[in-house]
file input.cif (mmCIF, C-alpha atoms)
data_model
#
loop_
_atom_site.label_atom_id
_atom_site.label_comp_id
_atom_site.auth_asym_id
_atom_site.auth_seq_id
_atom_site.Cartn_x
_atom_site.Cartn_y
_atom_site.Cartn_z
CA MET A 6 60.10 0.21 176.69
CA PRO A 7 61.92 2.51 174.41
CA LYS A 8 61.92 1.66 170.81
CA VAL A 9 65.09 0.12 169.59
CA LYS A 10 66.20 2.31 166.83
CA VAL A 11 68.16 0.56 164.22
CA LYS A 12 70.75 2.96 163.13
CA ARG A 13 70.85 3.21 159.40
CA LYS A 14 74.28 2.82 158.17
CA GLY A 15 75.58 2.99 154.67
CA VAL A 16 76.41 -0.55 153.84
CA ALA A 17 79.84 -0.77 152.39
CA LEU A 18 79.66 -3.49 149.79
CA ASP A 19 82.78 -5.12 148.63
CA MET A 20 82.79 -4.27 144.97
CA THR A 21 85.97 -6.09 144.11
CA ALA A 22 84.33 -9.29 142.96
CA MET A 23 81.77 -7.44 140.88
CA CYS A 24 84.50 -5.40 139.34
CA ASP A 25 86.39 -8.55 138.46
CA VAL A 26 83.35 -9.99 136.71
CA ALA A 27 82.71 -6.78 134.85
CA PHE A 28 86.21 -6.58 133.49
CA LEU A 29 86.30 -10.27 132.68
CA LEU A 30 83.22 -9.83 130.52
CA LEU A 31 84.66 -6.70 129.03
CA THR A 32 87.84 -8.53 128.04
CA PHE A 33 85.77 -11.33 126.56
CA PHE A 34 83.73 -8.99 124.41
CA ILE A 35 86.75 -7.09 123.21
CA LEU A 36 88.55 -10.25 122.18
CA ALA A 37 85.65 -12.30 120.87
CA THR A 38 84.07 -9.77 118.58
CA THR A 39 85.13 -8.02 115.48
CA SER A 40 83.80 -4.59 114.93
CA LYS A 41 81.44 -4.00 112.07
CA PRO A 42 83.55 -2.70 109.23
CA ALA A 43 82.40 0.45 107.54
CA GLU A 44 81.09 -0.61 104.19
CA ALA A 45 81.35 1.38 101.04
CA VAL A 46 77.86 0.37 100.12
CA VAL A 47 74.77 -0.83 101.93
CA VAL A 48 73.75 -4.27 100.75
CA ASP A 49 70.55 -5.90 101.93
CA THR A 50 71.15 -9.60 101.32
CA PRO A 51 68.31 -11.97 100.52
CA THR A 52 67.54 -14.76 102.97
CA SER A 53 67.93 -18.46 102.42
CA ILE A 54 67.67 -21.66 104.43
CA SER A 55 71.32 -22.40 103.79
CA GLN A 56 73.37 -22.76 106.95
CA THR A 57 76.88 -22.76 105.58
CA LYS A 58 79.00 -20.13 107.23
CA LEU A 59 81.00 -17.71 105.22
CA PRO A 60 84.73 -18.23 105.71
CA GLU A 61 86.29 -15.44 107.71
CA SER A 62 89.61 -15.11 106.00
CA ASP A 63 91.04 -15.66 102.54
CA ILE A 64 88.01 -14.26 100.87
CA ILE A 65 87.23 -11.98 97.98
CA LEU A 66 83.89 -10.32 98.46
CA ILE A 67 82.12 -8.93 95.42
CA SER A 68 79.24 -6.73 96.49
CA VAL A 69 76.46 -5.73 94.16
CA SER A 70 74.32 -2.84 95.32
CA GLN A 71 70.66 -2.38 94.58
CA ASP A 72 71.36 0.00 91.70
CA GLY A 73 73.72 -2.50 90.11
CA LYS A 74 77.08 -1.07 91.19
CA VAL A 75 79.83 -3.60 91.70
CA PHE A 76 82.27 -3.38 94.59
CA PHE A 77 85.38 -5.40 95.21
CA GLY A 78 86.95 -6.31 98.53
CA ILE A 79 89.72 -8.64 99.63
CA ASP A 80 90.81 -9.34 103.19
CA GLY A 81 94.24 -8.79 104.64
CA GLN A 82 96.10 -5.49 104.49
CA ALA A 83 99.26 -6.98 103.04
CA THR A 84 97.23 -8.76 100.37
CA ARG A 85 95.51 -5.52 99.46
CA ILE A 86 98.80 -3.72 98.98
CA ASP A 87 100.06 -6.61 96.88
CA VAL A 88 96.95 -6.54 94.69
CA LEU A 89 97.32 -2.82 94.16
CA GLU A 90 100.99 -3.20 93.23
CA ARG A 91 100.13 -5.89 90.72
CA ILE A 92 97.36 -3.82 89.20
CA GLY A 93 99.68 -0.80 89.06
CA LYS A 94 102.32 -2.84 87.27
CA GLN A 95 99.84 -4.30 84.84
CA LYS A 96 98.28 -0.96 83.94
CA SER A 97 101.54 0.97 84.36
CA MET A 98 100.00 3.18 87.01
CA PRO A 99 102.53 3.62 89.81
CA PHE A 100 100.89 4.12 93.19
CA THR A 101 102.63 6.04 95.96
CA ASP A 102 103.22 4.47 99.37
CA LYS A 103 100.63 6.75 100.87
CA GLN A 104 98.05 5.61 98.36
CA LYS A 105 98.91 2.00 99.04
CA ILE A 106 98.36 2.46 102.75
CA ALA A 107 95.09 4.22 102.12
CA PHE A 108 94.03 1.35 99.88
CA SER A 109 95.02 -1.28 102.43
CA LEU A 110 92.58 0.24 104.91
CA MET A 111 89.57 0.02 102.63
CA ASP A 112 87.34 -3.01 103.07
CA SER A 113 85.78 -2.64 99.69
CA PHE A 114 85.74 -0.12 96.93
CA GLY A 115 83.87 0.52 93.73
CA LEU A 116 85.88 2.77 91.49
CA PRO A 117 87.10 2.53 87.93
CA LEU A 118 90.88 2.44 87.69
CA ASN A 119 91.20 5.92 86.25
CA GLN A 120 89.51 7.41 89.34
CA LEU A 121 91.32 5.30 91.89
CA GLN A 122 94.50 7.35 92.23
CA SER A 123 92.81 10.66 92.83
CA PHE A 124 90.40 8.98 95.24
CA LEU A 125 93.21 7.45 97.29
CA SER A 126 95.04 10.76 97.53
CA LYS A 127 92.05 12.41 99.18
CA ASP A 128 91.53 12.79 102.89
CA VAL A 129 89.71 9.94 104.67
CA ASN A 130 86.74 12.04 105.70
CA LEU A 131 86.40 13.40 102.21
CA ARG A 132 86.58 9.89 100.77
CA ASN A 133 83.64 8.67 102.79
CA LYS A 134 81.47 11.39 101.36
CA ILE A 135 82.15 10.50 97.75
CA GLU A 136 79.63 8.20 96.19
CA GLN A 137 81.54 5.47 94.44
CA PRO A 138 80.37 4.66 90.92
CA GLY A 139 81.19 0.95 91.00
CA ILE A 140 83.73 -1.14 89.13
CA PRO A 141 83.00 -1.47 85.40
CA VAL A 142 81.96 -5.01 84.50
CA ASP A 143 80.68 -4.59 80.94
CA SER A 144 82.45 -6.57 78.28
CA ALA A 145 84.17 -3.49 76.82
CA ALA A 146 86.11 -2.72 79.98
CA ASN A 147 85.82 -5.48 82.51
CA GLU A 148 87.98 -4.21 85.34
CA LEU A 149 86.49 -6.66 87.80
CA GLN A 150 88.29 -9.34 85.85
CA ASP A 151 91.66 -7.66 86.43
CA TRP A 152 90.99 -7.22 90.13
CA LEU A 153 89.90 -10.82 90.48
CA LEU A 154 92.87 -12.20 88.63
CA ASN A 155 95.38 -10.16 90.58
CA GLY A 156 93.58 -10.90 93.82
CA ARG A 157 93.89 -14.59 93.13
CA TYR A 158 97.59 -14.20 92.35
CA SER A 159 98.16 -12.34 95.62
CA ASN A 160 96.34 -14.92 97.71
CA THR A 161 96.13 -18.28 96.03
CA ARG A 162 93.88 -19.82 98.68
CA VAL A 163 91.22 -17.20 98.25
CA ARG A 164 87.54 -18.06 97.95
CA ILE A 165 85.07 -15.93 96.08
CA ALA A 166 81.83 -14.75 97.61
CA ILE A 167 79.14 -12.65 96.02
CA LYS A 168 77.08 -10.40 98.24
CA GLY A 169 74.19 -9.18 96.19
CA ASP A 170 71.36 -6.91 97.20
CA ARG A 171 67.97 -8.54 97.01
CA GLY A 172 66.81 -5.86 94.63
CA ALA A 173 69.81 -6.05 92.29
CA ASP A 174 68.95 -6.85 88.70
CA TYR A 175 69.86 -10.33 87.57
CA LYS A 176 71.51 -8.73 84.53
CA VAL A 177 74.37 -7.43 86.68
CA MET A 178 74.63 -10.70 88.57
CA LYS A 179 74.84 -12.52 85.27
CA ARG A 180 77.77 -10.34 84.22
CA VAL A 181 79.54 -10.93 87.54
CA ILE A 182 78.98 -14.69 87.37
CA ALA A 183 80.10 -14.75 83.73
CA THR A 184 83.27 -12.88 84.74
CA LEU A 185 83.95 -15.53 87.35
CA GLN A 186 83.29 -18.32 84.91
CA ASP A 187 85.62 -16.78 82.37
CA GLN A 188 88.38 -17.36 84.89
CA ASN A 189 87.19 -20.88 85.45
CA ILE A 190 85.81 -20.13 88.89
CA ASN A 191 82.83 -22.40 89.03
CA ARG A 192 82.47 -22.69 92.78
CA PHE A 193 81.62 -19.68 94.78
CA ASN A 194 79.48 -18.58 97.70
CA LEU A 195 76.46 -16.36 97.74
CA VAL A 196 76.12 -14.39 100.94
CA THR A 197 72.63 -14.70 102.37
CA GLY A 198 70.75 -14.01 105.55
CA LEU A 199 69.26 -16.71 107.69
CA GLU A 200 65.72 -17.92 107.17
CA ALA A 201 63.81 -20.68 108.92
CA LYS A 202 63.25 -23.87 106.99
CA PRO A 203 59.65 -24.05 105.80
CA GLU A 204 57.41 -27.00 106.53
CA GLY A 205 57.63 -29.83 104.10
CA THR A 206 61.34 -29.50 103.50
CA VAL A 207 62.61 -32.70 101.96
CA GLU A 208 65.61 -33.87 103.92
CA MET B 264 85.79 9.29 146.91
CA ALA B 265 88.11 6.66 148.24
CA ASP B 266 87.06 5.42 151.58
CA MET B 267 90.18 4.72 153.49
CA GLY B 268 88.73 2.18 155.86
CA ASP B 269 89.49 2.49 159.52
CA GLY B 270 92.22 4.88 158.71
CA GLY B 271 94.38 5.88 161.55
CA GLY B 272 94.28 3.02 163.97
CA GLY B 273 97.62 3.92 165.39
CA HIS B 274 97.03 3.07 168.98
CA ASP B 275 99.31 0.09 169.25
CA LYS B 276 102.57 1.77 168.65
CA LYS B 277 103.38 5.32 168.60
CA GLY B 278 103.73 7.00 165.24
CA LYS B 279 103.25 3.84 163.32
CA LYS B 280 100.07 3.39 161.37
CA LYS B 281 98.44 0.03 161.21
CA LYS B 282 99.33 -1.65 157.97
CA GLY B 283 96.26 -2.85 156.16
CA SER B 284 94.90 -2.78 152.68
CA PRO B 285 93.10 0.47 152.17
CA ARG B 286 89.51 0.08 151.11
CA VAL B 287 88.98 1.60 147.74
CA ASP B 288 85.47 2.34 146.62
CA MET B 289 85.06 0.28 143.50
CA THR B 290 81.66 1.59 142.47
CA PRO B 291 82.81 4.03 139.77
CA MET B 292 85.14 1.42 138.38
CA VAL B 293 82.33 -1.12 138.13
CA ASP B 294 80.17 1.51 136.50
CA LEU B 295 82.81 2.16 133.93
CA GLY B 296 83.32 -1.56 133.36
CA PHE B 297 79.67 -2.21 132.67
CA LEU B 298 79.39 0.87 130.51
CA LEU B 299 82.17 -0.44 128.30
CA ILE B 300 80.60 -3.91 128.20
CA THR B 301 77.34 -2.43 127.03
CA PHE B 302 79.17 -0.44 124.40
CA PHE B 303 81.01 -3.45 123.04
CA MET B 304 77.93 -5.63 123.11
CA LEU B 305 75.95 -3.15 121.07
CA THR B 306 78.56 -2.19 118.52
CA THR B 307 79.85 -5.61 117.62
CA THR B 308 78.35 -8.46 115.71
CA LEU B 309 78.84 -11.99 116.83
CA SER B 310 76.94 -13.63 114.04
CA LYS B 311 78.73 -14.38 110.85
CA PRO B 312 76.72 -14.10 107.67
CA GLN B 313 75.38 -17.27 106.14
CA SER B 314 76.26 -18.25 102.65
CA MET B 315 75.06 -20.54 99.97
CA GLU B 316 77.45 -22.50 97.85
CA LEU B 317 76.85 -22.42 94.15
CA ASN B 318 78.48 -24.64 91.58
CA MET B 319 78.29 -23.61 88.00
CA PRO B 320 79.01 -25.94 85.12
CA ASP B 321 82.42 -25.64 83.53
CA LYS B 322 82.10 -23.66 80.34
CA THR B 323 85.24 -25.00 78.73
CA ASP B 324 84.64 -28.63 79.53
CA THR B 325 82.04 -30.06 77.19
CA LYS B 326 82.88 -33.69 77.80
CA GLU B 327 81.09 -33.96 81.09
CA GLN B 328 77.80 -32.77 79.72
CA THR B 329 75.29 -35.52 80.07
CA PRO B 330 72.30 -35.50 77.79
CA THR B 331 68.97 -35.61 79.54
CA LYS B 332 65.63 -36.61 78.19
CA ALA B 333 63.45 -33.69 77.28
CA THR B 334 60.58 -35.18 79.23
CA HIS B 335 62.74 -35.14 82.36
CA SER B 336 63.61 -31.49 82.27
CA LEU B 337 61.60 -28.84 84.00
CA THR B 338 62.47 -25.38 82.80
CA VAL B 339 61.80 -22.61 85.29
CA ILE B 340 61.95 -19.07 83.98
CA LEU B 341 62.19 -16.16 86.40
CA GLY B 342 60.53 -13.04 85.13
CA LYS B 343 60.08 -9.51 86.39
CA GLU B 344 57.93 -8.71 89.41
CA ASP B 345 58.56 -12.14 90.97
CA LYS B 346 56.80 -14.00 88.19
CA VAL B 347 57.70 -17.61 87.54
CA PHE B 348 57.05 -19.52 84.33
CA TYR B 349 57.63 -23.20 83.81
CA PHE B 350 57.26 -25.99 81.28
CA ILE B 351 58.35 -29.57 80.77
CA GLY B 352 60.39 -30.49 77.74
CA THR B 353 62.22 -28.45 75.17
CA PRO B 354 61.38 -24.84 74.29
CA LYS B 355 60.22 -26.12 70.91
CA ASP B 356 57.70 -28.46 72.52
CA ALA B 357 56.56 -25.66 74.77
CA LYS B 358 55.97 -23.39 71.82
CA GLU B 359 54.11 -25.94 69.74
CA GLY B 360 52.06 -27.37 72.54
CA ASP B 361 51.60 -24.05 74.38
CA LEU B 362 52.83 -25.71 77.56
CA MET B 363 54.20 -22.73 79.40
CA GLN B 364 52.38 -21.85 82.59
CA GLN B 365 52.73 -19.17 85.19
CA THR B 366 53.09 -19.58 88.94
CA ASP B 367 54.67 -17.79 91.90
CA PHE B 368 57.14 -18.27 94.75
CA SER B 369 54.56 -19.27 97.37
CA SER B 370 54.70 -22.75 98.89
CA ALA B 371 51.70 -23.78 96.82
CA GLY B 372 53.36 -22.37 93.74
CA ILE B 373 56.67 -23.44 92.31
CA ARG B 374 57.54 -25.68 95.26
CA LYS B 375 54.45 -27.83 94.78
CA ILE B 376 55.10 -28.03 91.06
CA ILE B 377 58.68 -29.17 91.53
CA LEU B 378 57.62 -31.78 94.08
CA ASP B 379 54.74 -33.01 91.89
CA LYS B 380 56.90 -33.24 88.81
CA THR B 381 59.66 -35.03 90.73
CA LYS B 382 57.10 -37.64 91.77
CA GLU B 383 55.61 -37.81 88.28
CA ILE B 384 58.91 -38.32 86.53
CA GLY B 385 60.09 -40.71 89.19
CA GLY B 386 63.52 -42.04 89.97
CA ASP B 387 65.89 -44.29 88.11
CA ASP B 388 66.54 -47.88 89.18
CA LYS B 389 68.56 -46.60 92.14
CA GLY B 390 65.77 -44.32 93.25
CA VAL B 391 67.58 -41.11 92.42
CA PRO B 392 65.07 -38.60 91.02
CA MET B 393 65.56 -38.16 87.32
CA ILE B 394 64.15 -34.64 87.12
CA VAL B 395 66.50 -31.92 85.98
CA VAL B 396 65.51 -28.39 86.83
CA VAL B 397 66.77 -25.84 84.35
CA ILE B 398 66.76 -22.38 85.86
CA LYS B 399 66.69 -19.44 83.51
CA ALA B 400 66.50 -15.93 84.84
CA MET B 401 65.37 -13.05 82.68
CA ASP B 402 67.43 -9.87 82.71
CA ASP B 403 64.75 -7.94 84.57
CA SER B 404 64.31 -10.47 87.33
CA LYS B 405 65.90 -9.69 90.66
CA TYR B 406 68.80 -11.37 92.41
CA LYS B 407 66.42 -12.28 95.23
CA ASN B 408 64.43 -14.43 92.79
CA MET B 409 67.52 -16.39 91.94
CA VAL B 410 68.37 -17.03 95.58
CA ASP B 411 64.73 -17.98 96.20
CA ILE B 412 64.70 -20.55 93.44
CA LEU B 413 68.02 -21.99 94.60
CA ASP B 414 66.45 -22.21 98.02
CA GLU B 415 63.54 -24.12 96.55
CA MET B 416 66.07 -26.54 95.12
CA HIS B 417 67.35 -27.16 98.64
CA ILE B 418 63.86 -27.36 100.10
CA THR B 419 62.66 -29.87 97.53
CA ASN B 420 66.01 -31.66 97.69
CA SER B 421 66.48 -31.44 93.94
CA LYS B 422 70.10 -32.27 93.40
CA ARG B 423 70.15 -31.85 89.66
CA TYR B 424 69.68 -28.29 88.58
CA ALA B 425 71.49 -25.86 86.38
CA ILE B 426 71.47 -22.14 85.79
CA VAL B 427 71.38 -21.58 82.08
CA ASP B 428 71.05 -18.56 79.83
CA LEU B 429 67.66 -17.76 78.39
CA LEU B 430 66.83 -18.48 74.76
CA PRO B 431 65.12 -15.84 72.61
CA GLU B 432 62.15 -18.08 71.88
CA GLU B 433 61.54 -18.49 75.58
CA ILE B 434 61.35 -14.75 76.03
CA GLU B 435 58.78 -14.75 73.24
CA LEU B 436 56.78 -17.38 75.08
CA THR B 437 56.63 -15.39 78.29
CA LYS B 438 55.16 -12.43 76.45
CA LYS B 439 51.70 -13.97 76.30
CA PHE B 440 51.46 -13.53 80.06
CA ASP B 441 52.01 -9.80 79.83
CA ILE B 442 48.88 -7.84 80.10
#

call {"tool": "encode", "arguments": {"input": "input.cif", "output": "structure tokens"}}
result
Amino acid sequence: MPKVKVKRKGVALDMTAMCDVAFLLLTFFILATTSKPAEAVVVDTPTSISQTKLPESDIILISVSQDGKVFFGIDGQATRIDVLERIGKQKSMPFTDKQKIAFSLMDSFGLPLNQLQSFLSKDVNLRNKIEQPGIPVDSAANELQDWLLNGRYSNTRVRIAIKGDRGADYKVMKRVIATLQDQNINRFNLVTGLEAKPEGTVE
Amino acid sequence: MADMGDGGGGHDKKGKKKKGSPRVDMTPMVDLGFLLITFFMLTTTLSKPQSMELNMPDKTDTKEQTPTKATHSLTVILGKEDKVFYFIGTPKDAKEGDLMQQTDFSSAGIRKIILDKTKEIGGDDKGVPMIVVVIKAMDDSKYKNMVDILDEMHITNSKRYAIVDLLPEEIELTKKFDI
């Protein structure tokens, strides 16, 4: 008997369903996630057993880098422009529309006021290369206080969060917390990473 | 590379092609779809950062300050290089009685001390622990130390604690541990 040769044929799979699934997932990921914002400074937060989530909106984020530089960030582009306008009015430093737009796109910044204008006028790529010196917080010129106050005027529902690097000196943190307390902000959040509860935790 | 199916099946009627949905090869499209999924999965973060709520005492309001017995207060001082010092009572007592001791952040360190002292001091008639932990961080301690000690407060379920500025005599007291 002759061998029955099974003719090999390219199997034409119907890809439509698979394609549907792929694009469904794609849509989900695009909508459900927010891209990691480029940060002006790298902050390695300490871990804690606390499970409270950080609110997503209406937040002022004060970052403290390892070398003790202070950065300020507020969410919402319109809020940012408003804050800048208020600061400009207060310090009689008029900002151009172009500078305002540039400012509204920055998640956080760490510049003294006198360097802010020239920084904002620079090209984006050039800006990213500049190492920001941090906002002055010492008692002689506490600019963080001005930013905070105007930020709270621009968005009255705002909550304050401090994102400190684990290696930051407590001295700087003390200044930041004192600045908050001067404005009667006694409740705020500390941004931390997640850590498992150790054994023997008293519930 | 679109495969047009059975293509020209125009045998039924002259000149007219059979109407049917053309088969399009979806493979490249699926490839592209999954490539984009992978990209979005890797570049985005789903997890929101955790945070710890901190309440500081009101500086302007002095009315709400409740006096506590010196024997109920445990002062914890955070020093440089993750050192922890502690004593019970007032700084004056600590100086006279040489009460200050050194420990660390391990579970057998400050956590055990807080738990032991909580038990030792006991609760009031309602069973609420009467211990008050006074946290004082030195200028050269790190922010991590502060978060760690606040964590210990949560772990040991100590509800009454305060972050207070360091007194000069307490800095003096810690100096005896320097080698």

call {"tool": "residues_near_point", "arguments": {"input": "input.cif", "point": "(91.3, -7.7, 88.7)", "cutoff": "12 Å", "atoms": "all atoms listed in the file", "output": "PDB file with C-alpha atoms, in the frame of the given file"}}
result
ATOM      1  CA  ILE A  65      87.230 -11.980  97.980  1.00  0.00           C
ATOM      2  CA  ILE A  67      82.120  -8.930  95.420  1.00  0.00           C
ATOM      3  CA  PHE A  76      82.270  -3.380  94.590  1.00  0.00           C
ATOM      4  CA  PHE A  77      85.380  -5.400  95.210  1.00  0.00           C
ATOM      5  CA  GLY A  78      86.950  -6.310  98.530  1.00  0.00           C
ATOM      6  CA  ILE A  79      89.720  -8.640  99.630  1.00  0.00           C
ATOM      7  CA  ARG A  85      95.510  -5.520  99.460  1.00  0.00           C
ATOM      8  CA  VAL A  88      96.950  -6.540  94.690  1.00  0.00           C
ATOM      9  CA  LEU A  89      97.320  -2.820  94.160  1.00  0.00           C
ATOM     10  CA  GLU A  90     100.990  -3.200  93.230  1.00  0.00           C
ATOM     11  CA  ARG A  91     100.130  -5.890  90.720  1.00  0.00           C
ATOM     12  CA  ILE A  92      97.360  -3.820  89.200  1.00  0.00           C
ATOM     13  CA  GLY A  93      99.680  -0.800  89.060  1.00  0.00           C
ATOM     14  CA  GLN A  95      99.840  -4.300  84.840  1.00  0.00           C
ATOM     15  CA  LYS A  96      98.280  -0.960  83.940  1.00  0.00           C
ATOM     16  CA  PRO A 117      87.100   2.530  87.930  1.00  0.00           C
ATOM     17  CA  LEU A 118      90.880   2.440  87.690  1.00  0.00           C
ATOM     18  CA  ILE A 140      83.730  -1.140  89.130  1.00  0.00           C
ATOM     19  CA  PRO A 141      83.000  -1.470  85.400  1.00  0.00           C
ATOM     20  CA  VAL A 142      81.960  -5.010  84.500  1.00  0.00           C
ATOM     21  CA  ALA A 146      86.110  -2.720  79.980  1.00  0.00           C
ATOM     22  CA  ASN A 147      85.820  -5.480  82.510  1.00  0.00           C
ATOM     23  CA  GLU A 148      87.980  -4.210  85.340  1.00  0.00           C
ATOM     24  CA  LEU A 149      86.490  -6.660  87.800  1.00  0.00           C
ATOM     25  CA  GLN A 150      88.290  -9.340  85.850  1.00  0.00           C
ATOM     26  CA  ASP A 151      91.660  -7.660  86.430  1.00  0.00           C
ATOM     27  CA  TRP A 152      90.990  -7.220  90.130  1.00  0.00           C
ATOM     28  CA  LEU A 153      89.900 -10.820  90.480  1.00  0.00           C
ATOM     29  CA  LEU A 154      92.870 -12.200  88.630  1.00  0.00           C
ATOM     30  CA  ASN A 155      95.380 -10.160  90.580  1.00  0.00           C
ATOM     31  CA  GLY A 156      93.580 -10.900  93.820  1.00  0.00           C
ATOM     32  CA  ARG A 157      93.890 -14.590  93.130  1.00  0.00           C
ATOM     33  CA  TYR A 158      97.590 -14.200  92.350  1.00  0.00           C
ATOM     34  CA  SER A 159      98.160 -12.340  95.620  1.00  0.00           C
ATOM     35  CA  THR A 184      83.270 -12.880  84.740  1.00  0.00           C
ATOM     36  CA  LEU A 185      83.950 -15.530  87.350  1.00  0.00           C
ATOM     37  CA  GLN A 188      88.380 -17.360  84.890  1.00  0.00           C
TER      38      GLN A 188
END

call {"tool": "resolve_selection", "arguments": {"input": "input.cif", "expression": "the PyMOL selection byres ((chain A and resi 133) around 12)", "output": "number ranges by chain"}}
result
A: 43-46, 111, 113-114, 124-125, 127-132, 134-137

call {"tool": "residues_around", "arguments": {"input": "input.cif", "residues": "range 393-402 of chain B", "least_positions_apart": "2", "cutoff": "9 Å", "atoms": "all atoms listed in the file", "output": "mmCIF file with C-alpha atoms, in the coordinates of the input"}}
result
data_model
loop_
_atom_site.group_PDB
_atom_site.id
_atom_site.type_symbol
_atom_site.label_atom_id
_atom_site.label_comp_id
_atom_site.auth_asym_id
_atom_site.auth_seq_id
_atom_site.Cartn_x
_atom_site.Cartn_y
_atom_site.Cartn_z
ATOM 1 C CA ASP A 174 68.950 -6.850 88.700
ATOM 2 C CA TYR A 175 69.860 -10.330 87.570
ATOM 3 C CA LYS A 176 71.510 -8.730 84.530
ATOM 4 C CA VAL A 177 74.370 -7.430 86.680
ATOM 5 C CA LYS A 179 74.840 -12.520 85.270
ATOM 6 C CA THR B 331 68.970 -35.610 79.540
ATOM 7 C CA THR B 334 60.580 -35.180 79.230
ATOM 8 C CA HIS B 335 62.740 -35.140 82.360
ATOM 9 C CA SER B 336 63.610 -31.490 82.270
ATOM 10 C CA LEU B 337 61.600 -28.840 84.000
ATOM 11 C CA THR B 338 62.470 -25.380 82.800
ATOM 12 C CA VAL B 339 61.800 -22.610 85.290
ATOM 13 C CA ILE B 340 61.950 -19.070 83.980
ATOM 14 C CA LEU B 341 62.190 -16.160 86.400
ATOM 15 C CA GLY B 342 60.530 -13.040 85.130
ATOM 16 C CA LYS B 343 60.080 -9.510 86.390
ATOM 17 C CA ILE B 377 58.680 -29.170 91.530
ATOM 18 C CA LYS B 380 56.900 -33.240 88.810
ATOM 19 C CA THR B 381 59.660 -35.030 90.730
ATOM 20 C CA LYS B 382 57.100 -37.640 91.770
ATOM 21 C CA ILE B 384 58.910 -38.320 86.530
ATOM 22 C CA GLY B 385 60.090 -40.710 89.190
ATOM 23 C CA GLY B 386 63.520 -42.040 89.970
ATOM 24 C CA ASP B 387 65.890 -44.290 88.110
ATOM 25 C CA GLY B 390 65.770 -44.320 93.250
ATOM 26 C CA VAL B 391 67.580 -41.110 92.420
ATOM 27 C CA SER B 404 64.310 -10.470 87.330
ATOM 28 C CA LYS B 405 65.900 -9.690 90.660
ATOM 29 C CA ASN B 408 64.430 -14.430 92.790
ATOM 30 C CA MET B 409 67.520 -16.390 91.940
ATOM 31 C CA ILE B 412 64.700 -20.550 93.440
ATOM 32 C CA LEU B 413 68.020 -21.990 94.600
ATOM 33 C CA MET B 416 66.070 -26.540 95.120
ATOM 34 C CA SER B 421 66.480 -31.440 93.940
ATOM 35 C CA LYS B 422 70.100 -32.270 93.400
ATOM 36 C CA ARG B 423 70.150 -31.850 89.660
ATOM 37 C CA TYR B 424 69.680 -28.290 88.580
ATOM 38 C CA ALA B 425 71.490 -25.860 86.380
ATOM 39 C CA ILE B 426 71.470 -22.140 85.790
ATOM 40 C CA VAL B 427 71.380 -21.580 82.080
ATOM 41 C CA ASP B 428 71.050 -18.560 79.830
ATOM 42 C CA LEU B 429 67.660 -17.760 78.390
ATOM 43 C CA LEU B 430 66.830 -18.480 74.760
ATOM 44 C CA ILE B 434 61.350 -14.750 76.030
#

call {"tool": "residues_around", "arguments": {"input": "input.cif", "residues": "Ala22 in chain A", "least_positions_apart": "4", "cutoff": "10 Å", "atoms": "all atoms listed in the file", "output": "ChimeraX atom specification"}}
result
/A:26-27 /B:289,293

call {"tool": "closest_residue", "arguments": {"input": "input.cif", "among": "B:Asp388, B:Asp361, B:Glu433, B:Asp403", "to": "chain A", "atoms": "all atoms listed in the file"}}
result
B:Asp403

call {"tool": "atom_distance", "arguments": {"input": "input.cif", "atom1": "CA of Thr197 in chain A", "atom2": "CA of Ile54 in chain A"}}
result
8.8 Å

call {"tool": "residues_around", "arguments": {"input": "input.cif", "residues": "Ala173 in chain A", "least_positions_apart": "5", "cutoff": "9 Å", "atoms": "all atoms listed in the file", "output": "list in words"}}
result
Val69, Ser70, Gln71, Asp72, Gly73, Lys74 and Met178 of chain A; Ser404, Lys405, Tyr406 and Lys407 of chain B

call {"tool": "resolve_selection", "arguments": {"input": "input.cif", "expression": "the PyMOL selection byres ((chain B and resi 440) around 12)", "output": "NGL selection string"}}
result
:B and (342-343 or 346-348 or 361 or 363-366 or 434-439 or 441-442)

call {"tool": "atom_distance", "arguments": {"input": "input.cif", "atom1": "CA of Thr353 in chain B", "atom2": "CA of Arg374 in chain B"}}
result
20.8 Å

call {"tool": "residues_near_point", "arguments": {"input": "input.cif", "point": "(81.0, -5.8, 150.3)", "cutoff": "12 Å", "atoms": "all atoms listed in the file", "output": "JSON, numbers by chain"}}
result
{"A": [15, 16, 17, 18, 19, 20, 21, 22, 23, 24], "B": [286, 287, 288, 289, 290]}

call {"tool": "closest_residue", "arguments": {"input": "input.cif", "among": "A:Ser62, A:Lys10, A:Asn191, A:Ala183", "to": "Ser144 in chain A", "atoms": "all atoms listed in the file"}}
result
A:Ala183

call {"tool": "closest_residue", "arguments": {"input": "input.cif", "among": "A:Lys8, A:Leu29, A:Asn119, A:Pro51", "to": "chain B", "atoms": "all atoms listed in the file"}}
result
A:Pro51

call {"tool": "closest_residue", "arguments": {"input": "input.cif", "among": "B:Pro354, B:Gly296, B:Gly360, B:Gly372", "to": "chain A", "atoms": "all atoms listed in the file"}}
result
B:Gly296

call {"tool": "closest_residue", "arguments": {"input": "input.cif", "among": "B:Pro312, B:Pro431, B:Pro291, B:Pro285", "to": "chain A", "atoms": "all atoms listed in the file"}}
result
B:Pro312

call {"tool": "residues_around", "arguments": {"input": "input.cif", "residues": "Asp49 in chain A", "least_positions_apart": "2", "cutoff": "7 Å", "atoms": "only C-alpha atoms", "output": "PDB file with C-alpha atoms, in the coordinates of the input"}}
result
ATOM      1  CA  VAL A  47      74.770  -0.830 101.930  1.00  0.00           C
ATOM      2  CA  PRO A  51      68.310 -11.970 100.520  1.00  0.00           C
ATOM      3  CA  ASP A 170      71.360  -6.910  97.200  1.00  0.00           C
ATOM      4  CA  ARG A 171      67.970  -8.540  97.010  1.00  0.00           C
TER       5      ARG A 171
END
